[in-house]
$ cat run29.cif   # mmCIF, C-alpha atoms and all ligand atoms; chains and numbers go by the auth columns
data_model
#
loop_
_atom_site.group_PDB
_atom_site.id
_atom_site.type_symbol
_atom_site.label_atom_id
_atom_site.label_comp_id
_atom_site.label_asym_id
_atom_site.label_seq_id
_atom_site.Cartn_x
_atom_site.Cartn_y
_atom_site.Cartn_z
_atom_site.B_iso_or_equiv
_atom_site.auth_seq_id
_atom_site.auth_asym_id
ATOM 1 C CA MET A 1 3.751 19.622 -2.764 0.00 1 Q
ATOM 2 C CA ASP A 2 5.448 16.304 -3.498 0.00 2 Q
ATOM 3 C CA PRO A 3 3.108 13.853 -5.202 0.00 3 Q
ATOM 4 C CA ILE A 4 2.375 10.252 -4.338 0.00 4 Q
ATOM 5 C CA PHE A 5 3.182 7.915 -7.215 0.00 5 Q
ATOM 6 C CA VAL A 6 1.298 4.666 -7.725 0.00 6 Q
ATOM 7 C CA TRP A 7 3.230 2.062 -9.703 0.00 7 Q
ATOM 8 C CA TRP A 8 1.826 -1.293 -10.799 0.00 8 Q
ATOM 9 C CA ILE A 9 4.728 -3.731 -10.321 0.00 9 Q
ATOM 10 C CA GLY A 10 2.734 -6.970 -10.626 0.00 10 Q
ATOM 11 C CA GLU A 11 3.305 -9.719 -13.175 0.00 11 Q
ATOM 12 C CA GLU A 12 -0.244 -9.971 -14.549 0.00 12 Q
ATOM 13 C CA GLU A 13 -1.835 -7.214 -16.614 0.00 13 Q
ATOM 14 C CA PRO A 14 -3.034 -4.521 -14.198 0.00 14 Q
ATOM 15 C CA ASP A 15 -6.711 -3.711 -13.836 0.00 15 Q
ATOM 16 C CA PRO A 16 -6.612 0.025 -14.690 0.00 16 Q
ATOM 17 C CA GLN A 17 -9.696 0.679 -12.571 0.00 17 Q
ATOM 18 C CA LEU A 18 -8.057 -0.909 -9.555 0.00 18 Q
ATOM 19 C CA VAL A 19 -4.924 1.239 -9.857 0.00 19 Q
ATOM 20 C CA GLU A 20 -6.958 4.367 -10.561 0.00 20 Q
ATOM 21 C CA HIS A 21 -9.106 3.750 -7.497 0.00 21 Q
ATOM 22 C CA VAL A 22 -5.991 3.481 -5.324 0.00 22 Q
ATOM 23 C CA ARG A 23 -4.684 6.742 -6.805 0.00 23 Q
ATOM 24 C CA LEU A 24 -7.936 8.593 -6.066 0.00 24 Q
ATOM 25 C CA HIS A 25 -8.058 7.323 -2.486 0.00 25 Q
ATOM 26 C CA LEU A 26 -4.462 8.385 -1.824 0.00 26 Q
ATOM 27 C CA ALA A 27 -5.041 11.868 -3.242 0.00 27 Q
ATOM 28 C CA ARG A 28 -8.132 12.280 -1.104 0.00 28 Q
ATOM 29 C CA ALA A 29 -6.695 10.841 2.125 0.00 29 Q
ATOM 30 C CA PHE A 30 -3.451 12.835 2.013 0.00 30 Q
ATOM 31 C CA ARG A 31 -4.804 15.938 0.235 0.00 31 Q
ATOM 32 C CA ARG A 32 -2.027 16.095 -2.293 0.00 32 Q
ATOM 33 C CA PRO A 33 -1.543 15.113 -5.931 0.00 33 Q
ATOM 34 C CA ALA A 34 -1.286 11.415 -6.713 0.00 34 Q
ATOM 35 C CA ALA A 35 -0.136 10.178 -10.103 0.00 35 Q
ATOM 36 C CA ILE A 36 0.345 6.913 -11.940 0.00 36 Q
ATOM 37 C CA TRP A 37 4.003 5.990 -12.482 0.00 37 Q
ATOM 38 C CA ASP A 38 4.720 3.650 -15.368 0.00 38 Q
ATOM 39 C CA GLY A 39 7.821 1.523 -15.639 0.00 39 Q
ATOM 40 C CA GLU A 40 8.586 -1.852 -17.176 0.00 40 Q
ATOM 41 C CA ALA A 41 11.031 -2.917 -14.460 0.00 41 Q
ATOM 42 C CA ARG A 42 9.865 -5.533 -11.955 0.00 42 Q
ATOM 43 C CA PRO A 43 11.495 -6.521 -8.626 0.00 43 Q
ATOM 44 C CA ARG A 44 11.982 -10.164 -9.581 0.00 44 Q
ATOM 45 C CA HIS A 45 15.119 -10.413 -7.449 0.00 45 Q
ATOM 46 C CA ALA A 46 12.844 -10.048 -4.402 0.00 46 Q
ATOM 47 C CA PHE A 47 11.473 -13.548 -5.051 0.00 47 Q
ATOM 48 C CA ASP A 48 12.498 -16.064 -2.403 0.00 48 Q
ATOM 49 C CA PRO A 49 12.439 -19.499 -4.075 0.00 49 Q
ATOM 50 C CA ARG A 50 12.239 -21.335 -0.753 0.00 50 Q
ATOM 51 C CA ARG A 51 9.178 -19.423 0.469 0.00 51 Q
ATOM 52 C CA ARG A 52 7.798 -18.857 -3.053 0.00 52 Q
ATOM 53 C CA GLN A 53 6.982 -15.279 -2.001 0.00 53 Q
ATOM 54 C CA HIS A 54 8.497 -11.849 -2.553 0.00 54 Q
ATOM 55 C CA ALA A 55 10.450 -10.139 0.243 0.00 55 Q
ATOM 56 C CA SER A 56 8.697 -6.810 0.797 0.00 56 Q
ATOM 57 C CA GLY A 57 11.806 -5.208 2.337 0.00 57 Q
ATOM 58 C CA VAL A 58 13.775 -5.904 -0.842 0.00 58 Q
ATOM 59 C CA ILE A 59 10.977 -4.349 -2.916 0.00 59 Q
ATOM 60 C CA LEU A 60 11.004 -1.180 -0.776 0.00 60 Q
ATOM 61 C CA ARG A 61 14.717 -0.634 -1.400 0.00 61 Q
ATOM 62 C CA TRP A 62 14.260 -1.378 -5.094 0.00 62 Q
ATOM 63 C CA LEU A 63 11.384 1.139 -5.432 0.00 63 Q
ATOM 64 C CA LEU A 64 13.752 3.910 -4.317 0.00 64 Q
ATOM 65 C CA GLU A 65 16.307 2.996 -6.993 0.00 65 Q
ATOM 66 C CA ALA A 66 13.975 2.100 -9.871 0.00 66 Q
ATOM 67 C CA GLY A 67 11.068 4.486 -9.248 0.00 67 Q
ATOM 68 C CA PRO A 68 10.535 8.254 -9.353 0.00 68 Q
ATOM 69 C CA GLY A 69 13.217 10.438 -7.784 0.00 69 Q
ATOM 70 C CA GLY A 70 10.909 12.371 -5.447 0.00 70 Q
ATOM 71 C CA GLY A 71 7.666 12.150 -3.517 0.00 71 Q
ATOM 72 C CA LYS A 72 6.246 8.926 -2.107 0.00 72 Q
ATOM 73 C CA VAL A 73 6.054 5.792 -4.213 0.00 73 Q
ATOM 74 C CA LEU A 74 3.572 2.987 -3.685 0.00 74 Q
ATOM 75 C CA GLY A 75 4.292 -0.254 -5.528 0.00 75 Q
ATOM 76 C CA VAL A 76 1.164 -2.325 -6.167 0.00 76 Q
ATOM 77 C CA THR A 77 1.766 -5.970 -6.919 0.00 77 Q
ATOM 78 C CA ASP A 78 -0.131 -9.204 -7.410 0.00 78 Q
ATOM 79 C CA ARG A 79 2.769 -11.209 -5.928 0.00 79 Q
ATOM 80 C CA ASP A 80 2.535 -12.593 -2.387 0.00 80 Q
ATOM 81 C CA LEU A 81 4.662 -10.610 0.079 0.00 81 Q
ATOM 82 C CA PHE A 82 6.454 -11.601 3.280 0.00 82 Q
ATOM 83 C CA ILE A 83 8.711 -10.249 5.963 0.00 83 Q
ATOM 84 C CA PRO A 84 10.970 -12.827 7.644 0.00 84 Q
ATOM 85 C CA ILE A 85 8.983 -13.077 10.915 0.00 85 Q
ATOM 86 C CA LEU A 86 5.516 -13.386 9.332 0.00 86 Q
ATOM 87 C CA THR A 87 3.781 -15.879 7.043 0.00 87 Q
ATOM 88 C CA TYR A 88 2.647 -13.043 4.792 0.00 88 Q
ATOM 89 C CA VAL A 89 1.929 -9.302 4.799 0.00 89 Q
ATOM 90 C CA PHE A 90 -0.614 -7.247 2.835 0.00 90 Q
ATOM 91 C CA GLY A 91 2.031 -4.577 2.513 0.00 91 Q
ATOM 92 C CA GLU A 92 4.952 -2.792 4.097 0.00 92 Q
ATOM 93 C CA ALA A 93 6.283 0.765 4.224 0.00 93 Q
ATOM 94 C CA GLN A 94 9.316 2.687 5.367 0.00 94 Q
ATOM 95 C CA LEU A 95 8.107 4.552 8.444 0.00 95 Q
ATOM 96 C CA GLY A 96 8.628 8.213 7.591 0.00 96 Q
ATOM 97 C CA GLY A 97 10.335 7.215 4.360 0.00 97 Q
ATOM 98 C CA ARG A 98 9.439 7.370 0.663 0.00 98 Q
ATOM 99 C CA ALA A 99 8.530 3.817 -0.308 0.00 99 Q
ATOM 100 C CA ALA A 100 5.574 1.527 0.353 0.00 100 Q
ATOM 101 C CA VAL A 101 4.254 -1.647 -1.230 0.00 101 Q
ATOM 102 C CA VAL A 102 0.892 -3.423 -1.173 0.00 102 Q
ATOM 103 C CA SER A 103 -0.207 -6.735 -2.639 0.00 103 Q
ATOM 104 C CA THR A 104 -3.527 -8.018 -3.910 0.00 104 Q
ATOM 105 C CA ALA A 105 -2.433 -11.647 -3.403 0.00 105 Q
ATOM 106 C CA ARG A 106 -4.033 -12.158 0.034 0.00 106 Q
ATOM 107 C CA LEU A 107 -6.793 -9.575 -0.411 0.00 107 Q
ATOM 108 C CA VAL A 108 -8.639 -11.683 -2.995 0.00 108 Q
ATOM 109 C CA GLU A 109 -10.090 -13.967 -0.286 0.00 109 Q
ATOM 110 C CA ASP A 110 -13.880 -14.277 -0.897 0.00 110 Q
ATOM 111 C CA VAL A 111 -13.704 -11.777 -3.773 0.00 111 Q
ATOM 112 C CA GLU A 112 -15.061 -14.393 -6.164 0.00 112 Q
ATOM 113 C CA LEU A 113 -18.079 -14.760 -3.887 0.00 113 Q
ATOM 114 C CA VAL A 114 -18.728 -11.119 -3.054 0.00 114 Q
ATOM 115 C CA GLY A 115 -17.580 -9.391 -6.245 0.00 115 Q
ATOM 116 C CA PRO A 116 -14.583 -7.408 -7.514 0.00 116 Q
ATOM 117 C CA GLN A 117 -15.563 -4.238 -5.626 0.00 117 Q
ATOM 118 C CA LEU A 118 -14.435 -5.940 -2.404 0.00 118 Q
ATOM 119 C CA LEU A 119 -10.858 -6.184 -3.703 0.00 119 Q
ATOM 120 C CA VAL A 120 -10.928 -2.547 -4.822 0.00 120 Q
ATOM 121 C CA GLU A 121 -12.018 -1.411 -1.347 0.00 121 Q
ATOM 122 C CA ARG A 122 -9.513 -3.590 0.498 0.00 122 Q
ATOM 123 C CA LEU A 123 -6.617 -2.509 -1.694 0.00 123 Q
ATOM 124 C CA ALA A 124 -7.500 1.175 -1.266 0.00 124 Q
ATOM 125 C CA LYS A 125 -7.520 0.738 2.537 0.00 125 Q
ATOM 126 C CA GLU A 126 -4.171 -1.025 2.613 0.00 126 Q
ATOM 127 C CA ALA A 127 -2.697 1.551 0.221 0.00 127 Q
ATOM 128 C CA VAL A 128 -3.772 4.448 2.463 0.00 128 Q
ATOM 129 C CA HIS A 129 -2.508 2.505 5.518 0.00 129 Q
ATOM 130 C CA GLU A 130 0.974 1.907 4.084 0.00 130 Q
ATOM 131 C CA ILE A 131 1.358 5.423 2.689 0.00 131 Q
ATOM 132 C CA GLY A 132 0.213 6.624 6.126 0.00 132 Q
ATOM 133 C CA HIS A 133 3.265 4.835 7.560 0.00 133 Q
ATOM 134 C CA ALA A 134 5.441 6.506 4.912 0.00 134 Q
ATOM 135 C CA PHE A 135 4.113 9.841 6.222 0.00 135 Q
ATOM 136 C CA GLY A 136 5.212 8.796 9.706 0.00 136 Q
ATOM 137 C CA LEU A 137 1.872 7.575 11.081 0.00 137 Q
ATOM 138 C CA VAL A 138 1.985 4.598 13.433 0.00 138 Q
ATOM 139 C CA HIS A 139 -0.786 2.106 14.202 0.00 139 Q
ATOM 140 C CA CYS A 140 -3.941 3.614 15.675 0.00 140 Q
ATOM 141 C CA ASP A 141 -6.771 2.177 17.783 0.00 141 Q
ATOM 142 C CA GLY A 142 -9.235 4.885 16.740 0.00 142 Q
ATOM 143 C CA GLU A 143 -12.661 3.495 15.818 0.00 143 Q
ATOM 144 C CA GLY A 144 -12.622 2.416 12.173 0.00 144 Q
ATOM 145 C CA CYS A 145 -9.343 4.246 11.500 0.00 145 Q
ATOM 146 C CA VAL A 146 -7.507 3.024 8.409 0.00 146 Q
ATOM 147 C CA MET A 147 -4.261 3.019 10.485 0.00 147 Q
ATOM 148 C CA GLY A 148 -5.684 0.186 12.606 0.00 148 Q
ATOM 149 C CA ARG A 149 -3.779 -3.100 12.512 0.00 149 Q
ATOM 150 C CA SER A 150 -5.097 -5.591 9.983 0.00 150 Q
ATOM 151 C CA PRO A 151 -3.441 -8.985 10.235 0.00 151 Q
ATOM 152 C CA ALA A 152 -6.278 -10.644 8.254 0.00 152 Q
ATOM 153 C CA VAL A 153 -8.918 -9.588 5.722 0.00 153 Q
ATOM 154 C CA ARG A 154 -11.559 -9.559 8.477 0.00 154 Q
ATOM 155 C CA GLU A 155 -9.849 -6.561 10.076 0.00 155 Q
ATOM 156 C CA VAL A 156 -9.382 -4.919 6.681 0.00 156 Q
ATOM 157 C CA ASP A 157 -13.102 -5.224 6.001 0.00 157 Q
ATOM 158 C CA ALA A 158 -13.992 -3.911 9.464 0.00 158 Q
ATOM 159 C CA LYS A 159 -12.074 -0.636 9.159 0.00 159 Q
ATOM 160 C CA SER A 160 -12.876 2.378 6.989 0.00 160 Q
ATOM 161 C CA SER A 161 -10.645 3.766 4.252 0.00 161 Q
ATOM 162 C CA GLU A 162 -10.285 7.062 6.157 0.00 162 Q
ATOM 163 C CA LEU A 163 -7.778 8.465 8.610 0.00 163 Q
ATOM 164 C CA CYS A 164 -9.364 9.328 11.971 0.00 164 Q
ATOM 165 C CA ALA A 165 -9.259 12.939 13.209 0.00 165 Q
ATOM 166 C CA GLU A 166 -6.240 12.217 15.430 0.00 166 Q
ATOM 167 C CA CYS A 167 -4.202 10.660 12.641 0.00 167 Q
ATOM 168 C CA ARG A 168 -5.163 13.534 10.367 0.00 168 Q
ATOM 169 C CA ALA A 169 -3.929 15.997 13.010 0.00 169 Q
ATOM 170 C CA ARG A 170 -0.678 14.017 13.424 0.00 170 Q
ATOM 171 C CA LEU A 171 -0.235 14.095 9.666 0.00 171 Q
ATOM 172 C CA GLY A 172 -0.523 17.863 9.713 0.00 172 Q
ATOM 173 C CA THR A 173 2.432 18.113 12.090 0.00 173 Q
ATOM 174 C CA GLN A 174 4.658 15.745 10.069 0.00 174 Q
ATOM 175 C CA GLY A 175 5.319 18.477 7.508 0.00 175 Q
ATOM 176 C CA GLU A 176 6.322 17.459 4.031 0.00 176 Q
ATOM 177 C CA GLY A 177 8.033 14.262 5.253 0.00 177 Q
HETATM 178 ZN ZN ZN B . 0.679 -1.004 9.522 0.00 201 Q
HETATM 179 ZN ZN ZN B . -6.212 6.973 13.569 0.00 202 Q
#
$ encode --input "run29.cif" --output "structure tokens"
Amino acid sequence: MDPIFVWWIGEEEPDPQLVEHVRLHLARAFRRPAAIWDGEARPRHAFDPRRRQHASGVILRWLLEAGPGGGKVLGVTDRDLFIPILTYVFGEAQLGGRAAVVSTARLVEDVELVGPQLLVERLAKEAVHEIGHAFGLVHCDGEGCVMGRSPAVREVDAKSSELCAECRARLGTQGEG
């Protein structure tokens, strides 16, 4: 079974607990091995000086070239991400593809107030959501399903970190993807 690789591609020193938590959630949600991938390379060419953000689409293509040769790869960054039509995104994935990226940049809202565990939970949810897309799952309206749309942190906080029964069943029919 192809593993899911989690790669810290941020500029600051990673919080090992944060990355490890993401890894555990991915392994549990998708019932397959998840491993930490280590590499010094960073997608600095994805930085758009006009928007002062990183283009998530550029990072996805880069992950396929610079990252592991098989399985899914989730880049985790502290840089702010965008796609051209939106102000920002928490993450992006190739639907049914190999690469996904998530960012902590916008998930830190209120974390200072509530505590670091809030960031850990939000990042795990967005990681499962984006890797869900990489396994071919689309957005889901199921109660509390992690594949629910989350344009803002309020929606992230409202959903669970789990796939609903329907998404889980869909996942089963996607094969190895
Ligand atoms: Zn989505
Ligand atoms: Zn669902």
$ residues_near_ligand --input "run29.cif" --ligand "ligand ZN 202 (chain Q)" --cutoff "12 Å" --atoms "all atoms listed in the file" --output "JSON, numbers by chain"
{"Q": [128, 129, 132, 133, 137, 138, 139, 140, 141, 142, 143, 144, 145, 146, 147, 148, 149, 159, 160, 161, 162, 163, 164, 165, 166, 167, 168, 169, 170, 171]}
$ residues_around --input "run29.cif" --residues "region 40-56 of chain Q" --least-positions-apart "6" --cutoff "6 Å" --atoms "all atoms listed in the file" --output "PyMOL selection string"
chain Q and resi 9+80-83
$ resolve_selection --input "run29.cif" --expression "the PyMOL selection byres (((chain Q and resi 99-110) around 7) and not hetatm)" --output "PyMOL selection string"
chain Q and resi 60+63-64+72-81+90-94+97-98+111-114+119+122-123+126-127+130-131+134+153
$ closest_residue --input "run29.cif" --among "Q:Leu95, Q:Ala29, Q:Val19, Q:Ile4" --to "ligand ZN 201 (chain Q)" --atoms "only C-alpha atoms and all ligand atoms"
Q:Leu95
$ resolve_selection --input "run29.cif" --expression "the PyMOL selection byres (((chain Q and resi 36) around 10) and not hetatm)" --output "number ranges by chain"
Q: 4-8, 19-20, 22-23, 34-35, 37-39, 73-74
$ closest_residue --input "run29.cif" --among "Q:Pro151, Q:Gly172, Q:Gly67, Q:Pro116" --to "ligand ZN 201 (chain Q)" --atoms "only C-alpha atoms and all ligand atoms"
Q:Pro151
$ atom_distance --input "run29.cif" --atom1 "CA of Val89 (chain Q)" --atom2 "CA of Ala152 (chain Q)"
9.0 Å
$ axis_aligned_box --input "run29.cif" --around "region 82-88 of chain Q" --padding-each-side "3 Å" --output "lines of an AutoDock Vina configuration file"
center_x = 6.8
center_y = -13.1
center_z = 7.1
size_x = 14.3
size_y = 11.6
size_z = 13.6
$ closest_residue --input "run29.cif" --among "Q:Ser150, Q:Phe135, Q:Gly69, Q:Asp157" --to "ligand ZN 201 (chain Q)" --atoms "only C-alpha atoms and all ligand atoms"
Q:Ser150
$ closest_residue --input "run29.cif" --among "Q:Leu18, Q:Thr173, Q:Val58, Q:Gly71" --to "Pro3 (chain Q)" --atoms "all atoms listed in the file"
Q:Gly71
$ closest_residue --input "run29.cif" --among "Q:Glu121, Q:Glu65, Q:Glu155, Q:Asp2" --to "His21 (chain Q)" --atoms "all atoms listed in the file"
Q:Glu121
$ build_atoms --input "run29.cif" --residues "region 69-99 of chain Q" --atoms "N, CA and C atoms" --output "PDB file, in the coordinates of the input"
ATOM      1  N   GLY Q  69      12.177   9.901  -8.645  1.00  0.00           N
ATOM      2  CA  GLY Q  69      13.217  10.438  -7.784  1.00  0.00           C
ATOM      3  C   GLY Q  69      12.720  11.246  -6.590  1.00  0.00           C
ATOM      4  N   GLY Q  70      11.432  11.571  -6.560  1.00  0.00           N
ATOM      5  CA  GLY Q  70      10.909  12.371  -5.447  1.00  0.00           C
ATOM      6  C   GLY Q  70       9.511  11.927  -5.058  1.00  0.00           C
ATOM      7  N   GLY Q  71       9.012  12.496  -3.987  1.00  0.00           N
ATOM      8  CA  GLY Q  71       7.666  12.150  -3.517  1.00  0.00           C
ATOM      9  C   GLY Q  71       7.630  10.756  -2.912  1.00  0.00           C
ATOM     10  N   LYS Q  72       6.422  10.286  -2.624  1.00  0.00           N
ATOM     11  CA  LYS Q  72       6.246   8.926  -2.107  1.00  0.00           C
ATOM     12  C   LYS Q  72       5.978   8.012  -3.283  1.00  0.00           C
ATOM     13  N   VAL Q  73       6.370   6.750  -3.164  1.00  0.00           N
ATOM     14  CA  VAL Q  73       6.054   5.792  -4.213  1.00  0.00           C
ATOM     15  C   VAL Q  73       5.444   4.544  -3.602  1.00  0.00           C
ATOM     16  N   LEU Q  74       4.260   4.198  -4.117  1.00  0.00           N
ATOM     17  CA  LEU Q  74       3.572   2.987  -3.685  1.00  0.00           C
ATOM     18  C   LEU Q  74       3.631   1.962  -4.813  1.00  0.00           C
ATOM     19  N   GLY Q  75       4.313   0.864  -4.590  1.00  0.00           N
ATOM     20  CA  GLY Q  75       4.292  -0.254  -5.528  1.00  0.00           C
ATOM     21  C   GLY Q  75       3.059  -1.103  -5.244  1.00  0.00           C
ATOM     22  N   VAL Q  76       2.330  -1.447  -6.312  1.00  0.00           N
ATOM     23  CA  VAL Q  76       1.164  -2.325  -6.167  1.00  0.00           C
ATOM     24  C   VAL Q  76       1.445  -3.593  -6.950  1.00  0.00           C
ATOM     25  N   THR Q  77       1.414  -4.725  -6.263  1.00  0.00           N
ATOM     26  CA  THR Q  77       1.766  -5.970  -6.919  1.00  0.00           C
ATOM     27  C   THR Q  77       0.687  -7.023  -6.726  1.00  0.00           C
ATOM     28  N   ASP Q  78       0.746  -8.044  -7.590  1.00  0.00           N
ATOM     29  CA  ASP Q  78      -0.131  -9.204  -7.410  1.00  0.00           C
ATOM     30  C   ASP Q  78       0.652 -10.372  -6.805  1.00  0.00           C
ATOM     31  N   ARG Q  79       1.929 -10.155  -6.522  1.00  0.00           N
ATOM     32  CA  ARG Q  79       2.769 -11.209  -5.928  1.00  0.00           C
ATOM     33  C   ARG Q  79       2.589 -11.229  -4.411  1.00  0.00           C
ATOM     34  N   ASP Q  80       2.697 -12.420  -3.834  1.00  0.00           N
ATOM     35  CA  ASP Q  80       2.535 -12.593  -2.387  1.00  0.00           C
ATOM     36  C   ASP Q  80       3.774 -12.073  -1.658  1.00  0.00           C
ATOM     37  N   LEU Q  81       3.554 -11.265  -0.632  1.00  0.00           N
ATOM     38  CA  LEU Q  81       4.662 -10.610   0.079  1.00  0.00           C
ATOM     39  C   LEU Q  81       4.898 -11.226   1.455  1.00  0.00           C
ATOM     40  N   PHE Q  82       6.157 -11.169   1.904  1.00  0.00           N
ATOM     41  CA  PHE Q  82       6.454 -11.601   3.280  1.00  0.00           C
ATOM     42  C   PHE Q  82       7.532 -10.726   3.886  1.00  0.00           C
ATOM     43  N   ILE Q  83       7.535 -10.696   5.220  1.00  0.00           N
ATOM     44  CA  ILE Q  83       8.711 -10.249   5.963  1.00  0.00           C
ATOM     45  C   ILE Q  83       9.160 -11.469   6.768  1.00  0.00           C
ATOM     46  N   PRO Q  84      10.448 -11.570   7.086  1.00  0.00           N
ATOM     47  CA  PRO Q  84      10.970 -12.827   7.644  1.00  0.00           C
ATOM     48  C   PRO Q  84      10.192 -13.394   8.839  1.00  0.00           C
ATOM     49  N   ILE Q  85       9.636 -12.540   9.719  1.00  0.00           N
ATOM     50  CA  ILE Q  85       8.983 -13.077  10.915  1.00  0.00           C
ATOM     51  C   ILE Q  85       7.514 -13.419  10.709  1.00  0.00           C
ATOM     52  N   LEU Q  86       6.940 -13.134   9.555  1.00  0.00           N
ATOM     53  CA  LEU Q  86       5.516 -13.386   9.332  1.00  0.00           C
ATOM     54  C   LEU Q  86       5.287 -14.273   8.110  1.00  0.00           C
ATOM     55  N   THR Q  87       4.168 -15.008   8.156  1.00  0.00           N
ATOM     56  CA  THR Q  87       3.781 -15.879   7.043  1.00  0.00           C
ATOM     57  C   THR Q  87       3.556 -15.074   5.767  1.00  0.00           C
ATOM     58  N   TYR Q  88       2.894 -13.927   5.926  1.00  0.00           N
ATOM     59  CA  TYR Q  88       2.647 -13.043   4.792  1.00  0.00           C
ATOM     60  C   TYR Q  88       2.350 -11.649   5.320  1.00  0.00           C
ATOM     61  N   VAL Q  89       2.415 -10.650   4.472  1.00  0.00           N
ATOM     62  CA  VAL Q  89       1.929  -9.302   4.799  1.00  0.00           C
ATOM     63  C   VAL Q  89       1.117  -8.781   3.614  1.00  0.00           C
ATOM     64  N   PHE Q  90       0.138  -7.920   3.907  1.00  0.00           N
ATOM     65  CA  PHE Q  90      -0.614  -7.247   2.835  1.00  0.00           C
ATOM     66  C   PHE Q  90       0.255  -6.159   2.216  1.00  0.00           C
ATOM     67  N   GLY Q  91       1.180  -5.646   3.005  1.00  0.00           N
ATOM     68  CA  GLY Q  91       2.031  -4.577   2.513  1.00  0.00           C
ATOM     69  C   GLY Q  91       3.067  -4.203   3.553  1.00  0.00           C
ATOM     70  N   GLU Q  92       3.953  -3.299   3.160  1.00  0.00           N
ATOM     71  CA  GLU Q  92       4.952  -2.792   4.097  1.00  0.00           C
ATOM     72  C   GLU Q  92       5.336  -1.387   3.638  1.00  0.00           C
ATOM     73  N   ALA Q  93       5.833  -0.581   4.575  1.00  0.00           N
ATOM     74  CA  ALA Q  93       6.283   0.765   4.224  1.00  0.00           C
ATOM     75  C   ALA Q  93       7.486   1.128   5.060  1.00  0.00           C
ATOM     76  N   GLN Q  94       8.240   2.092   4.575  1.00  0.00           N
ATOM     77  CA  GLN Q  94       9.316   2.687   5.367  1.00  0.00           C
ATOM     78  C   GLN Q  94       8.683   3.756   6.229  1.00  0.00           C
ATOM     79  N   LEU Q  95       8.706   3.576   7.542  1.00  0.00           N
ATOM     80  CA  LEU Q  95       8.107   4.552   8.444  1.00  0.00           C
ATOM     81  C   LEU Q  95       8.810   5.901   8.258  1.00  0.00           C
ATOM     82  N   GLY Q  96       8.053   6.896   7.834  1.00  0.00           N
ATOM     83  CA  GLY Q  96       8.628   8.213   7.591  1.00  0.00           C
ATOM     84  C   GLY Q  96       9.541   8.267   6.381  1.00  0.00           C
ATOM     85  N   GLY Q  97       9.478   7.259   5.544  1.00  0.00           N
ATOM     86  CA  GLY Q  97      10.335   7.215   4.360  1.00  0.00           C
ATOM     87  C   GLY Q  97       9.561   7.501   3.088  1.00  0.00           C
ATOM     88  N   ARG Q  98      10.082   7.047   1.942  1.00  0.00           N
ATOM     89  CA  ARG Q  98       9.439   7.370   0.663  1.00  0.00           C
ATOM     90  C   ARG Q  98       8.687   6.206   0.044  1.00  0.00           C
ATOM     91  N   ALA Q  99       9.037   4.962   0.440  1.00  0.00           N
ATOM     92  CA  ALA Q  99       8.530   3.817  -0.308  1.00  0.00           C
ATOM     93  C   ALA Q  99       7.539   2.975   0.493  1.00  0.00           C
TER      94      ALA Q  99
END
